[in-house]
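Here is data_22.txt, consisting of compact mmCIF, N, CA and C atoms:
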# COMPACT_ATOMS: atom_id res chain seq x y z
N MET A 1 0.86 -1.18 0.00
CA MET A 1 0.00 0.00 0.00
C MET A 1 0.89 1.23 0.00
N SER A 2 0.61 2.14 -0.87
CA SER A 2 1.38 3.38 -0.94
C SER A 2 0.86 4.36 0.09
N LYS A 3 1.59 5.45 0.30
CA LYS A 3 1.17 6.48 1.25
C LYS A 3 -0.19 7.06 0.86
N SER A 4 -0.46 7.13 -0.42
CA SER A 4 -1.73 7.71 -0.88
C SER A 4 -2.89 6.74 -0.72
N GLY A 5 -2.56 5.52 -0.32
CA GLY A 5 -3.60 4.51 -0.15
C GLY A 5 -3.80 3.65 -1.38
N ALA A 6 -3.09 3.94 -2.45
CA ALA A 6 -3.21 3.15 -3.67
C ALA A 6 -2.51 1.81 -3.47
N ALA A 7 -3.21 0.75 -3.79
CA ALA A 7 -2.61 -0.58 -3.69
C ALA A 7 -1.79 -0.86 -4.94
N ILE A 8 -0.55 -1.21 -4.74
CA ILE A 8 0.32 -1.58 -5.86
C ILE A 8 0.23 -3.10 -5.98
N PRO A 9 -0.32 -3.60 -7.08
CA PRO A 9 -0.51 -5.05 -7.18
C PRO A 9 0.81 -5.81 -7.16
N HIS A 10 0.80 -6.90 -6.45
CA HIS A 10 1.93 -7.82 -6.49
C HIS A 10 1.67 -8.80 -7.61
N LEU A 11 2.66 -8.95 -8.47
CA LEU A 11 2.51 -9.84 -9.61
C LEU A 11 2.97 -11.25 -9.31
N GLY A 12 3.72 -11.41 -8.21
CA GLY A 12 4.13 -12.74 -7.81
C GLY A 12 5.56 -13.10 -8.15
N PHE A 13 6.36 -12.11 -8.48
CA PHE A 13 7.79 -12.33 -8.70
C PHE A 13 8.50 -11.35 -7.77
N PRO A 14 9.04 -11.82 -6.64
CA PRO A 14 9.48 -10.93 -5.57
C PRO A 14 10.41 -9.78 -5.98
N ALA A 15 11.39 -10.02 -6.83
CA ALA A 15 12.32 -8.95 -7.20
C ALA A 15 11.61 -7.85 -7.99
N ILE A 16 10.72 -8.25 -8.89
CA ILE A 16 9.97 -7.27 -9.67
C ILE A 16 8.98 -6.53 -8.79
N ASP A 17 8.29 -7.27 -7.93
CA ASP A 17 7.33 -6.64 -7.01
C ASP A 17 8.02 -5.62 -6.10
N ALA A 18 9.19 -5.97 -5.58
CA ALA A 18 9.93 -5.05 -4.71
C ALA A 18 10.33 -3.79 -5.47
N ASP A 19 10.78 -3.95 -6.70
CA ASP A 19 11.14 -2.78 -7.52
C ASP A 19 9.92 -1.89 -7.77
N HIS A 20 8.78 -2.51 -8.04
CA HIS A 20 7.57 -1.74 -8.29
C HIS A 20 7.14 -0.95 -7.04
N GLN A 21 7.24 -1.59 -5.89
CA GLN A 21 6.90 -0.90 -4.64
C GLN A 21 7.85 0.29 -4.42
N ALA A 22 9.14 0.05 -4.64
CA ALA A 22 10.14 1.11 -4.46
C ALA A 22 9.91 2.24 -5.46
N PHE A 23 9.59 1.90 -6.71
CA PHE A 23 9.33 2.91 -7.73
C PHE A 23 8.18 3.81 -7.29
N TYR A 24 7.08 3.18 -6.87
CA TYR A 24 5.92 3.98 -6.51
C TYR A 24 6.18 4.84 -5.28
N ALA A 25 6.90 4.31 -4.31
CA ALA A 25 7.25 5.09 -3.12
C ALA A 25 8.10 6.30 -3.51
N LEU A 26 9.07 6.08 -4.39
CA LEU A 26 9.92 7.18 -4.83
C LEU A 26 9.13 8.17 -5.69
N LEU A 27 8.23 7.67 -6.51
CA LEU A 27 7.37 8.54 -7.31
C LEU A 27 6.57 9.47 -6.40
N GLU A 28 6.01 8.94 -5.33
CA GLU A 28 5.27 9.77 -4.38
C GLU A 28 6.19 10.79 -3.71
N LYS A 29 7.39 10.36 -3.36
CA LYS A 29 8.36 11.26 -2.72
C LYS A 29 8.72 12.41 -3.67
N VAL A 30 8.96 12.09 -4.92
CA VAL A 30 9.28 13.12 -5.91
C VAL A 30 8.10 14.07 -6.07
N GLY A 31 6.90 13.52 -6.06
CA GLY A 31 5.71 14.34 -6.20
C GLY A 31 5.52 15.33 -5.07
N GLU A 32 6.06 15.03 -3.91
CA GLU A 32 5.94 15.89 -2.73
C GLU A 32 7.19 16.76 -2.52
N ALA A 33 8.18 16.62 -3.39
CA ALA A 33 9.48 17.28 -3.21
C ALA A 33 9.38 18.79 -3.27
N GLY A 34 10.29 19.41 -2.56
CA GLY A 34 10.43 20.86 -2.61
C GLY A 34 11.63 21.22 -3.46
N ASP A 35 12.59 21.88 -2.85
CA ASP A 35 13.79 22.32 -3.57
C ASP A 35 14.63 21.15 -4.08
N ASP A 36 14.46 19.99 -3.49
CA ASP A 36 15.24 18.82 -3.90
C ASP A 36 14.60 18.08 -5.09
N PHE A 37 13.57 18.68 -5.69
CA PHE A 37 12.88 18.03 -6.80
C PHE A 37 13.82 17.56 -7.92
N PRO A 38 14.73 18.40 -8.42
CA PRO A 38 15.58 17.93 -9.54
C PRO A 38 16.44 16.72 -9.17
N VAL A 39 16.93 16.68 -7.96
CA VAL A 39 17.77 15.56 -7.52
C VAL A 39 16.93 14.29 -7.42
N LEU A 40 15.75 14.42 -6.83
CA LEU A 40 14.88 13.26 -6.69
C LEU A 40 14.34 12.78 -8.04
N PHE A 41 14.07 13.71 -8.94
CA PHE A 41 13.62 13.35 -10.28
C PHE A 41 14.70 12.52 -10.98
N ALA A 42 15.94 12.97 -10.89
CA ALA A 42 17.06 12.22 -11.49
C ALA A 42 17.23 10.86 -10.82
N GLU A 43 17.00 10.80 -9.52
CA GLU A 43 17.09 9.53 -8.79
C GLU A 43 16.01 8.56 -9.27
N LEU A 44 14.81 9.07 -9.52
CA LEU A 44 13.73 8.24 -10.03
C LEU A 44 14.06 7.71 -11.43
N LEU A 45 14.65 8.55 -12.25
CA LEU A 45 15.08 8.11 -13.57
C LEU A 45 16.11 7.00 -13.45
N ALA A 46 17.10 7.17 -12.59
CA ALA A 46 18.15 6.16 -12.41
C ALA A 46 17.56 4.84 -11.90
N ALA A 47 16.63 4.90 -10.98
CA ALA A 47 15.99 3.69 -10.46
C ALA A 47 15.18 2.99 -11.55
N THR A 48 14.54 3.78 -12.39
CA THR A 48 13.77 3.22 -13.49
C THR A 48 14.69 2.53 -14.50
N GLU A 49 15.81 3.17 -14.81
CA GLU A 49 16.79 2.56 -15.72
C GLU A 49 17.29 1.23 -15.16
N LYS A 50 17.58 1.20 -13.87
CA LYS A 50 18.09 -0.02 -13.24
C LYS A 50 17.04 -1.13 -13.30
N HIS A 51 15.80 -0.78 -12.99
CA HIS A 51 14.73 -1.79 -13.03
C HIS A 51 14.52 -2.32 -14.45
N PHE A 52 14.48 -1.42 -15.41
CA PHE A 52 14.30 -1.86 -16.80
C PHE A 52 15.45 -2.75 -17.24
N SER A 53 16.65 -2.43 -16.81
CA SER A 53 17.80 -3.26 -17.15
C SER A 53 17.63 -4.67 -16.59
N TYR A 54 17.11 -4.75 -15.38
CA TYR A 54 16.87 -6.06 -14.77
C TYR A 54 15.82 -6.84 -15.56
N GLU A 55 14.69 -6.20 -15.84
CA GLU A 55 13.65 -6.89 -16.61
C GLU A 55 14.17 -7.29 -17.99
N ASN A 56 14.90 -6.39 -18.64
CA ASN A 56 15.44 -6.71 -19.96
C ASN A 56 16.38 -7.91 -19.90
N SER A 57 17.19 -7.98 -18.83
CA SER A 57 18.12 -9.11 -18.71
C SER A 57 17.35 -10.42 -18.52
N LEU A 58 16.25 -10.38 -17.77
CA LEU A 58 15.42 -11.59 -17.63
C LEU A 58 14.87 -12.03 -18.98
N MET A 59 14.35 -11.06 -19.72
CA MET A 59 13.76 -11.39 -21.03
C MET A 59 14.82 -11.93 -21.99
N ASP A 60 16.00 -11.33 -21.96
CA ASP A 60 17.08 -11.79 -22.85
C ASP A 60 17.59 -13.17 -22.43
N ARG A 61 17.79 -13.36 -21.15
CA ARG A 61 18.35 -14.61 -20.65
C ARG A 61 17.44 -15.80 -20.92
N TYR A 62 16.13 -15.59 -20.75
CA TYR A 62 15.20 -16.71 -20.86
C TYR A 62 14.37 -16.69 -22.15
N GLY A 63 14.60 -15.72 -23.02
CA GLY A 63 13.87 -15.66 -24.28
C GLY A 63 12.37 -15.56 -24.08
N LEU A 64 11.97 -14.70 -23.18
CA LEU A 64 10.57 -14.61 -22.81
C LEU A 64 9.74 -13.93 -23.89
N GLY A 65 8.46 -14.29 -23.93
CA GLY A 65 7.53 -13.75 -24.91
C GLY A 65 7.35 -12.25 -24.79
N ALA A 66 6.99 -11.64 -25.88
CA ALA A 66 6.74 -10.20 -25.98
C ALA A 66 7.98 -9.38 -25.62
N ARG A 67 9.13 -10.00 -25.72
CA ARG A 67 10.38 -9.32 -25.36
C ARG A 67 10.59 -8.06 -26.18
N ASP A 68 10.46 -8.15 -27.49
CA ASP A 68 10.71 -6.98 -28.33
C ASP A 68 9.77 -5.83 -28.00
N GLU A 69 8.49 -6.15 -27.86
CA GLU A 69 7.51 -5.11 -27.53
C GLU A 69 7.78 -4.50 -26.15
N HIS A 70 8.09 -5.35 -25.19
CA HIS A 70 8.33 -4.90 -23.82
C HIS A 70 9.58 -4.01 -23.76
N GLN A 71 10.64 -4.46 -24.38
CA GLN A 71 11.87 -3.67 -24.36
C GLN A 71 11.71 -2.37 -25.14
N ALA A 72 10.94 -2.39 -26.21
CA ALA A 72 10.67 -1.15 -26.95
C ALA A 72 9.91 -0.16 -26.07
N GLU A 73 8.98 -0.65 -25.28
CA GLU A 73 8.25 0.21 -24.36
C GLU A 73 9.20 0.81 -23.32
N HIS A 74 10.12 0.02 -22.82
CA HIS A 74 11.13 0.54 -21.89
C HIS A 74 11.94 1.66 -22.56
N ARG A 75 12.37 1.43 -23.78
CA ARG A 75 13.16 2.45 -24.49
C ARG A 75 12.37 3.73 -24.70
N ARG A 76 11.10 3.58 -25.07
CA ARG A 76 10.25 4.77 -25.28
C ARG A 76 10.13 5.59 -24.00
N LEU A 77 9.84 4.90 -22.89
CA LEU A 77 9.68 5.66 -21.64
C LEU A 77 11.00 6.28 -21.21
N LEU A 78 12.09 5.54 -21.30
CA LEU A 78 13.38 6.10 -20.88
C LEU A 78 13.78 7.30 -21.74
N ASN A 79 13.50 7.25 -23.02
CA ASN A 79 13.79 8.38 -23.89
C ASN A 79 13.00 9.60 -23.46
N GLU A 80 11.72 9.41 -23.23
CA GLU A 80 10.85 10.50 -22.79
C GLU A 80 11.30 11.04 -21.43
N PHE A 81 11.55 10.13 -20.50
CA PHE A 81 11.96 10.48 -19.14
C PHE A 81 13.28 11.26 -19.16
N THR A 82 14.22 10.80 -19.97
CA THR A 82 15.53 11.47 -20.09
C THR A 82 15.37 12.87 -20.65
N GLN A 83 14.52 13.02 -21.64
CA GLN A 83 14.27 14.35 -22.22
C GLN A 83 13.70 15.30 -21.17
N ILE A 84 12.74 14.81 -20.39
CA ILE A 84 12.14 15.65 -19.34
C ILE A 84 13.19 15.96 -18.28
N ASN A 85 14.02 15.00 -17.94
CA ASN A 85 15.07 15.22 -16.93
C ASN A 85 16.02 16.33 -17.37
N ARG A 86 16.37 16.36 -18.64
CA ARG A 86 17.24 17.44 -19.15
C ARG A 86 16.58 18.80 -18.95
N ARG A 87 15.29 18.85 -19.19
CA ARG A 87 14.57 20.12 -19.02
C ARG A 87 14.46 20.50 -17.55
N VAL A 88 14.24 19.52 -16.69
CA VAL A 88 14.20 19.78 -15.25
C VAL A 88 15.55 20.31 -14.79
N ALA A 89 16.63 19.72 -15.28
CA ALA A 89 17.98 20.17 -14.90
C ALA A 89 18.23 21.61 -15.33
N ARG A 90 17.52 22.06 -16.36
CA ARG A 90 17.66 23.45 -16.82
C ARG A 90 16.68 24.39 -16.12
N GLY A 91 15.94 23.86 -15.14
CA GLY A 91 15.06 24.70 -14.35
C GLY A 91 13.59 24.63 -14.70
N LEU A 92 13.21 23.79 -15.63
CA LEU A 92 11.80 23.67 -16.01
C LEU A 92 11.08 22.68 -15.09
N HIS A 93 11.05 23.01 -13.81
CA HIS A 93 10.48 22.12 -12.81
C HIS A 93 8.99 21.87 -13.01
N PRO A 94 8.18 22.87 -13.42
CA PRO A 94 6.76 22.59 -13.62
C PRO A 94 6.50 21.46 -14.64
N LEU A 95 7.31 21.39 -15.67
CA LEU A 95 7.18 20.32 -16.65
C LEU A 95 7.44 18.97 -15.99
N GLY A 96 8.50 18.89 -15.21
CA GLY A 96 8.82 17.65 -14.51
C GLY A 96 7.76 17.27 -13.49
N ARG A 97 7.25 18.27 -12.78
CA ARG A 97 6.21 17.99 -11.78
C ARG A 97 4.95 17.47 -12.46
N ALA A 98 4.59 18.04 -13.59
CA ALA A 98 3.42 17.55 -14.33
C ALA A 98 3.65 16.11 -14.80
N TYR A 99 4.85 15.81 -15.23
CA TYR A 99 5.20 14.47 -15.69
C TYR A 99 5.05 13.46 -14.55
N VAL A 100 5.52 13.84 -13.38
CA VAL A 100 5.42 12.98 -12.19
C VAL A 100 3.96 12.83 -11.75
N ARG A 101 3.22 13.87 -11.83
CA ARG A 101 1.84 13.87 -11.35
C ARG A 101 0.89 13.18 -12.34
N GLU A 102 1.12 13.37 -13.64
CA GLU A 102 0.14 12.91 -14.63
C GLU A 102 0.61 11.73 -15.48
N ARG A 103 1.77 11.82 -16.06
CA ARG A 103 2.20 10.81 -17.03
C ARG A 103 2.70 9.52 -16.38
N LEU A 104 3.62 9.64 -15.42
CA LEU A 104 4.23 8.43 -14.87
C LEU A 104 3.23 7.52 -14.15
N PRO A 105 2.34 8.04 -13.30
CA PRO A 105 1.39 7.11 -12.65
C PRO A 105 0.50 6.39 -13.66
N GLN A 106 0.04 7.10 -14.66
CA GLN A 106 -0.81 6.49 -15.69
C GLN A 106 -0.04 5.41 -16.44
N TRP A 107 1.19 5.75 -16.84
CA TRP A 107 2.01 4.78 -17.56
C TRP A 107 2.27 3.54 -16.69
N PHE A 108 2.60 3.79 -15.42
CA PHE A 108 2.94 2.71 -14.50
C PHE A 108 1.79 1.71 -14.38
N VAL A 109 0.58 2.19 -14.19
CA VAL A 109 -0.58 1.32 -14.05
C VAL A 109 -0.78 0.49 -15.31
N GLN A 110 -0.68 1.12 -16.47
CA GLN A 110 -0.86 0.40 -17.73
C GLN A 110 0.25 -0.63 -17.95
N HIS A 111 1.48 -0.24 -17.67
CA HIS A 111 2.61 -1.14 -17.89
C HIS A 111 2.54 -2.34 -16.94
N LEU A 112 2.22 -2.07 -15.71
CA LEU A 112 2.11 -3.12 -14.70
C LEU A 112 1.02 -4.12 -15.07
N GLY A 113 -0.13 -3.59 -15.49
CA GLY A 113 -1.25 -4.46 -15.81
C GLY A 113 -1.13 -5.18 -17.14
N GLY A 114 -0.25 -4.72 -17.99
CA GLY A 114 -0.10 -5.32 -19.31
C GLY A 114 1.19 -6.11 -19.45
N LEU A 115 2.22 -5.40 -19.86
CA LEU A 115 3.48 -6.08 -20.20
C LEU A 115 4.17 -6.73 -19.00
N ASP A 116 4.16 -6.06 -17.84
CA ASP A 116 4.81 -6.68 -16.68
C ASP A 116 4.03 -7.89 -16.18
N SER A 117 2.71 -7.82 -16.22
CA SER A 117 1.90 -8.98 -15.83
C SER A 117 2.18 -10.16 -16.75
N ALA A 118 2.29 -9.89 -18.04
CA ALA A 118 2.59 -10.96 -19.00
C ALA A 118 4.00 -11.52 -18.76
N LEU A 119 4.94 -10.64 -18.45
CA LEU A 119 6.31 -11.09 -18.16
C LEU A 119 6.31 -12.03 -16.96
N VAL A 120 5.67 -11.63 -15.89
CA VAL A 120 5.66 -12.45 -14.67
C VAL A 120 4.90 -13.76 -14.92
N ALA A 121 3.82 -13.71 -15.67
CA ALA A 121 3.09 -14.94 -15.98
C ALA A 121 4.00 -15.91 -16.74
N ASP A 122 4.79 -15.39 -17.66
CA ASP A 122 5.73 -16.23 -18.42
C ASP A 122 6.81 -16.80 -17.49
N LEU A 123 7.33 -15.97 -16.59
CA LEU A 123 8.34 -16.45 -15.63
C LEU A 123 7.77 -17.56 -14.76
N LYS A 124 6.55 -17.38 -14.28
CA LYS A 124 5.91 -18.38 -13.43
C LYS A 124 5.64 -19.67 -14.21
N GLN A 125 5.15 -19.53 -15.43
CA GLN A 125 4.85 -20.70 -16.24
C GLN A 125 6.11 -21.54 -16.46
N ARG A 126 7.23 -20.87 -16.63
CA ARG A 126 8.49 -21.57 -16.85
C ARG A 126 9.19 -21.93 -15.54
N GLN A 127 8.55 -21.58 -14.43
CA GLN A 127 9.07 -21.85 -13.08
C GLN A 127 10.45 -21.25 -12.86
N ILE A 128 10.61 -20.03 -13.35
CA ILE A 128 11.86 -19.29 -13.18
C ILE A 128 11.77 -18.49 -11.89
N GLN A 129 12.78 -18.64 -11.06
CA GLN A 129 12.83 -17.89 -9.79
C GLN A 129 14.22 -17.29 -9.64
N GLU A 130 14.27 -16.08 -9.14
CA GLU A 130 15.55 -15.43 -8.87
C GLU A 130 15.49 -14.74 -7.55
What does the file become when written as structure tokens?
Amino acid sequence: MSKSGAAIPHLGFPAIDADHQAFYALLEKVGEAGDDFPVLFAELLAATEKHFSYENSLMDRYGLGARDEHQAEHRRLLNEFTQINRRVARGLHPLGRAYVRERLPQWFVQHLGGLDSALVADLKQRQIQE
């Protein structure tokens, strides 16, 4: 359960679930940030890159289904996120705050319910545990 009361679904793969919980907690922290917003925004980007790298490595290692689509989605979000981070670093904090408030939560819910759910289902079906 997040601070806002939103339940973050557990998909049943502990490492992925832990990353998702941490992402959402950091997302909320960034959303409440004051002067430290640019630092926390960059921290959220770095955590997202690390998580995507982990998921990508699972898909590559085990040849999991929908790998190309899933990894393309990761690239799209990271490209967008990186572009916004550059603007935040130049002082365009309202743009970054809107991204944190509107775009990332919406994307997260869709990604979790779609591609990440399918990834975890594939991992479970193949009885892969890490």
Would you kindly return, as a ChimeraX atom specification, each protein, DNA or RNA residue with an atom no farther than 7 Å from any atom of range 80-94 of chain A, considering only N, CA and C atoms and excluding same-chain residues fewer than 6 positions away? /A:38,41-42,45
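One finds CA of Glu130 in chain A at 25.4 Å from CA of Leu27 in chain A.
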Would you please work out which residue, of A:Leu44, A:Leu115, A:Leu64, A:Leu11, is nearest to Lys29 in chain A when using only C-alpha atoms?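 Nearest to Lys29 in chain A: A:Leu44.
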All alpha helix (DSSP H) positions in chain A, as an MDAnalysis selection string: chainID A and resid 14:31 37:62 67:89 93:98 104:111 117:125
So what do you get for atom N of Pro14 in chain A versus CA of Gln129 in chain A, distance-wise?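 Interatomic distance, atom N of Pro14 in chain A to CA of Gln129 in chain A: 7.8 Å.
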Between atom N of Trp107 in chain A and atom N of Ile128 in chain A, what distance in Å does the model show, to one decimal?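 We find that atom N of Trp107 in chain A and atom N of Ile128 in chain A lie 27.7 Å from each other.
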All residues 12 Å or closer to Tyr24 in chain A, only C-alpha atoms, same chain fewer than 2 positions away omitted, as JSON, numbers by chain: {"A": [1, 2, 3, 4, 5, 6, 7, 8, 9, 17, 18, 19, 20, 21, 22, 26, 27, 28, 29, 30, 31, 44, 47, 48, 100, 101, 104, 105, 106, 107, 108, 109, 112]}
As a PDB file with N, CA and C atoms, in the frame of the given file, please: the residues near Ser53 in chain A (cut-off 12 Å, only C-alpha atoms, same-chain neighbours under 5 positions excluded).
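New file selection-v6.pdb:
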ATOM      1  N   ILE A  16      10.720  -8.250  -8.890  1.00  0.00           N
ATOM      2  CA  ILE A  16       9.970  -7.270  -9.670  1.00  0.00           C
ATOM      3  C   ILE A  16       8.980  -6.530  -8.790  1.00  0.00           C
ATOM      4  N   ASP A  19      10.780  -3.950  -6.700  1.00  0.00           N
ATOM      5  CA  ASP A  19      11.140  -2.780  -7.520  1.00  0.00           C
ATOM      6  C   ASP A  19       9.920  -1.890  -7.770  1.00  0.00           C
ATOM      7  N   ALA A  46      17.100   7.170 -12.590  1.00  0.00           N
ATOM      8  CA  ALA A  46      18.150   6.160 -12.410  1.00  0.00           C
ATOM      9  C   ALA A  46      17.560   4.840 -11.900  1.00  0.00           C
ATOM     10  N   ALA A  47      16.630   4.900 -10.980  1.00  0.00           N
ATOM     11  CA  ALA A  47      15.990   3.690 -10.460  1.00  0.00           C
ATOM     12  C   ALA A  47      15.180   2.990 -11.550  1.00  0.00           C
ATOM     13  N   THR A  48      14.540   3.780 -12.390  1.00  0.00           N
ATOM     14  CA  THR A  48      13.770   3.220 -13.490  1.00  0.00           C
ATOM     15  C   THR A  48      14.690   2.530 -14.500  1.00  0.00           C
ATOM     16  N   LEU A  58      16.250 -10.380 -17.770  1.00  0.00           N
ATOM     17  CA  LEU A  58      15.420 -11.590 -17.630  1.00  0.00           C
ATOM     18  C   LEU A  58      14.870 -12.030 -18.980  1.00  0.00           C
ATOM     19  N   MET A  59      14.350 -11.060 -19.720  1.00  0.00           N
ATOM     20  CA  MET A  59      13.760 -11.390 -21.030  1.00  0.00           C
ATOM     21  C   MET A  59      14.820 -11.930 -21.990  1.00  0.00           C
ATOM     22  N   ASP A  60      16.000 -11.330 -21.960  1.00  0.00           N
ATOM     23  CA  ASP A  60      17.080 -11.790 -22.850  1.00  0.00           C
ATOM     24  C   ASP A  60      17.590 -13.170 -22.430  1.00  0.00           C
ATOM     25  N   ARG A  61      17.790 -13.360 -21.150  1.00  0.00           N
ATOM     26  CA  ARG A  61      18.350 -14.610 -20.650  1.00  0.00           C
ATOM     27  C   ARG A  61      17.440 -15.800 -20.920  1.00  0.00           C
ATOM     28  N   HIS A  70       8.090  -5.350 -25.190  1.00  0.00           N
ATOM     29  CA  HIS A  70       8.330  -4.900 -23.820  1.00  0.00           C
ATOM     30  C   HIS A  70       9.580  -4.010 -23.760  1.00  0.00           C
ATOM     31  N   GLN A  71      10.640  -4.460 -24.380  1.00  0.00           N
ATOM     32  CA  GLN A  71      11.870  -3.670 -24.360  1.00  0.00           C
ATOM     33  C   GLN A  71      11.710  -2.370 -25.140  1.00  0.00           C
ATOM     34  N   HIS A  74      10.120   0.020 -22.820  1.00  0.00           N
ATOM     35  CA  HIS A  74      11.130   0.540 -21.890  1.00  0.00           C
ATOM     36  C   HIS A  74      11.940   1.660 -22.560  1.00  0.00           C
ATOM     37  N   ARG A  75      12.370   1.430 -23.780  1.00  0.00           N
ATOM     38  CA  ARG A  75      13.160   2.450 -24.490  1.00  0.00           C
ATOM     39  C   ARG A  75      12.370   3.730 -24.700  1.00  0.00           C
ATOM     40  N   LEU A  78      12.090   5.540 -21.300  1.00  0.00           N
ATOM     41  CA  LEU A  78      13.380   6.100 -20.880  1.00  0.00           C
ATOM     42  C   LEU A  78      13.780   7.300 -21.740  1.00  0.00           C
TER      43      LEU A  78
END
